[in-house]
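See below for the structure under consideration.
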Amino acid sequence: MKSRTVAYIVLAVTIVFAIAPTYRGQIELPVRVHHLLHAMVLVLAAFTGLLFARSAAPAKGSRAFWLIVTIVAPMLAMFLMWPSNYSPLDRLPAAHTAEHLGLALLGFLTAYAGQQYATGVGVAMSLSLWAMAFLAAWGFGVSPPLQVQTAAAAPTAAAAANAGTAPDPHHGQAVFSQNCASCHGAQGQGGMGPRLIGESSRKDLMQAEAWIENPQPPMPKLYPGTLSAQDVRDVAAYVETLK
Ligand code: HEC
């Protein structure tokens with residue numbers, strides 16, 4: 001078989017592999033497995049690049065150009081594999097597929113441009129790109145975010161971590177009557193402080209908590225002196241329910 005033919009076959013496999021998120025949807029994968037799948041895309045794409053380079057006409061264009069591509073493409077590929085990109089990208093199969101296709105393109109370019117620069121360079125660069133992707137799966141160079149779970153797994157972990165501290169709006173109502181009603185009104189209708197009815201349209205729960213912990217004067221700072229962290233969560237949750 002001609003190497004061009006093999007190249008097209010490998011290219012087809014790479015693309016089927018890369019667009020998997022589009023037809024499989026979001027799949028829950030640990031970051032490590034995810035890295036290894038990305039390494040696979042890179043290996044396949046780099047292999048395609050090598051095969052194309054083999055049957056390509058002798059290098060056209062300046063060698064400096066090919067050298068720059070050989071160096072920049074693998075760097076961009078590593079950026080695309082930043083673990084914190086995974087959760088946001090995974091939620092959108094189209095974005096995830098685009099990321100894979102980007103990786104495939106960069107893997108291809110690394111190998112093809114390397115070979116155009118000088119025979120053997122593309123092989124060496126592909127191997128080092130692949131080695132980096134493979135090592136990244138074990139945390140090399142990216143260790144802290146290795147604990148980052150994929151989008152689907154995260155809520156469960158977060159829920160478990162927060163189990164004891166889920167906000168309780170009923171308790172929040174009591175905190176509110178004691179500490180806030182004097183300024184914001186018994187029902188949050190407002191007074192010396194602004195009306196808090198419909199507050200959820202201005203601040204979400206996180207923002208309300210942040211505000212209560214660090215308010216602007218004249219609203220007094222009651223945390224951590226008067227209110228505990230749990231009180232803040234509860235009263236923020238209560239304020240969010242005011243309609
Ligand atoms: C001494 C009066 C006073 C007390 C007590 C007080 N606040 Fe306020 N609060 C204010 C004032 C005044 C503002 C507006 C400050 C500003 O916008 O710069 C405000 C703003 C807010 C806001 C932001 C409203 C917005 O624009 O989104 C929230 C939420 C809030 N208070 C909640 C609370 C909660 C909960 C408590 C009780 C733990 C509390 N406040 C106690 C006076 C008070």
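Every chain in the structure tokens takes a letter, A first, then B, and so on in the order presented; its residues are numbered from 1, and the ligands are numbered from 1 following the presented order.
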
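Using only C-alpha atoms and all ligand atoms, residues with at least one atom at most 6 Å away from any atom of ligand 1 are A:Phe176, A:Asn179, A:Cys180, A:Cys183, A:Gly193, A:Pro194, A:Glu199, A:Arg202, A:Lys203, A:Ala208, A:Ile212, A:Gln216, A:Pro218, A:Met219, A:Pro220, A:Val235, A:Ala236.
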
Give me, as a list in words, all polymer residues having an atom no more than 9 Å from Ala20 in chain A, counting only C-alpha atoms and skipping those fewer than 5 positions away in the same chain. Ile15, Gly25, Pro93, Thr97 and His100 of chain A

Assign secondary structure with DSSP using the backbone only, and return the residues of range 10-229 of chain A in helix (DSSP H, G or I) as number ranges by chain. A: 10-18, 20-24, 31-55, 63-80, 83-90, 93-117, 121-136, 144-147, 154-165, 169-179, 181-184, 199-201, 205-213, 229

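Among the candidates A:Val175, A:Ala77, A:Ala133, A:Leu105, the one nearest to His35 in chain A when counting only C-alpha atoms is A:Ala133.
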
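Put simply, CA of Ser126 in chain A is 6.3 Å away from CA of Thr110 in chain A.
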
Atomic distance CA of Phe17 in chain A - CA of Phe52 in chain A, expressed in Å with one decimal: 19.2 Å

Please list as a PyMOL selection string every residue within 8 Å of Leu196 in chain A, counting only C-alpha atoms and excluding residues in the same chain fewer than 5 positions away. chain A and resi 184+188-190+239+242

Could you save those same residues with C-alpha atoms as a tab-separated table (two decimals), in the first residue's frame?
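Generated file (part.tsv):
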chain	number	residue	atom	x	y	z
A	184	HIS	CA	-34.03	45.80	55.47
A	188	GLY	CA	-37.13	42.42	53.24
A	189	GLN	CA	-39.35	45.21	51.95
A	190	GLY	CA	-36.63	47.75	52.72
A	239	VAL	CA	-32.49	36.47	51.19
A	242	LEU	CA	-37.43	36.74	48.99

Return as a Markdown table the residues of range 67-115 of chain A lying at most 12 Å from range 3-13 of chain A, together with the closest atom-to-atom pair for each and the distance in Å to one decimal, counting only C-alpha atoms, with rows in chain order and ascending residue number.
| residue | atom | partner | partner_atom | distance |
| --- | --- | --- | --- | --- |
| A:Leu101 | CA | A:Leu11 | CA | 11.3 |
| A:Ala104 | CA | A:Leu11 | CA | 9.2 |
| A:Leu105 | CA | A:Leu11 | CA | 10.4 |
| A:Gly107 | CA | A:Leu11 | CA | 11.5 |
| A:Phe108 | CA | A:Leu11 | CA | 9.5 |
| A:Tyr112 | CA | A:Ala7 | CA | 11.9 |

Please produce an output containing C-alpha atoms for each residue in the selection, written as a PDB file, in the first residue's frame.
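What landed in result-v2.pdb:
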ATOM      1  CA  LEU A 101      -9.769  18.551  16.145  1.00  0.00           C
ATOM      2  CA  ALA A 104      -5.313  16.544  15.786  1.00  0.00           C
ATOM      3  CA  LEU A 105      -4.304  19.507  13.647  1.00  0.00           C
ATOM      4  CA  GLY A 107      -0.238  16.861  16.203  1.00  0.00           C
ATOM      5  CA  PHE A 108      -0.286  16.663  12.423  1.00  0.00           C
ATOM      6  CA  TYR A 112       4.637  17.293   9.102  1.00  0.00           C
TER       7      TYR A 112
END

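CA of Gly114 in chain A lies 21.0 Å from CA of Met81 in chain A.
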
Choose the residue, out of A:Met125, A:Val33, A:Ala237, A:Ala166, that has the smallest atom-to-atom separation from Ala111 in chain A; count only C-alpha atoms. A:Met125

Just the residues within 10 Å of Leu80 in chain A, please, counting only C-alpha atoms, with nothing from its chain fewer than 6 positions along; format it as an mmCIF file with N, CA and C atoms, in the first residue's frame.
data_model
loop_
_atom_site.group_PDB
_atom_site.id
_atom_site.type_symbol
_atom_site.label_atom_id
_atom_site.label_comp_id
_atom_site.auth_asym_id
_atom_site.auth_seq_id
_atom_site.Cartn_x
_atom_site.Cartn_y
_atom_site.Cartn_z
ATOM 1 N N HIS A 38 -6.484 12.044 24.702
ATOM 2 C CA HIS A 38 -5.915 13.153 23.928
ATOM 3 C C HIS A 38 -4.546 12.763 23.373
ATOM 4 N N PRO A 74 3.471 22.038 19.021
ATOM 5 C CA PRO A 74 3.358 21.228 20.246
ATOM 6 C C PRO A 74 3.080 22.069 21.489
ATOM 7 N N TYR A 86 -10.967 21.223 30.813
ATOM 8 C CA TYR A 86 -11.802 20.067 30.510
ATOM 9 C C TYR A 86 -13.251 20.236 30.914
ATOM 10 N N GLU A 99 -11.914 21.030 20.328
ATOM 11 C CA GLU A 99 -10.627 20.885 21.022
ATOM 12 C C GLU A 99 -9.871 19.680 20.467
ATOM 13 N N HIS A 100 -10.587 18.573 20.284
ATOM 14 C CA HIS A 100 -9.941 17.370 19.737
ATOM 15 C C HIS A 100 -9.402 17.619 18.335
ATOM 16 N N GLY A 102 -8.555 20.416 17.132
ATOM 17 C CA GLY A 102 -7.391 21.287 17.303
ATOM 18 C C GLY A 102 -6.156 20.465 17.655
ATOM 19 N N LEU A 103 -6.340 19.523 18.559
ATOM 20 C CA LEU A 103 -5.214 18.666 18.941
ATOM 21 C C LEU A 103 -4.730 17.865 17.734
ATOM 22 N N LEU A 106 -2.782 20.087 15.451
ATOM 23 C CA LEU A 106 -1.471 20.447 15.989
ATOM 24 C C LEU A 106 -0.524 19.251 15.989
#

Choose the residue, out of A:Val232, A:Ala118, A:Leu227, A:Ile197, that has the smallest atom-to-atom separation from Leu67 in chain A; count only C-alpha atoms. A:Ala118
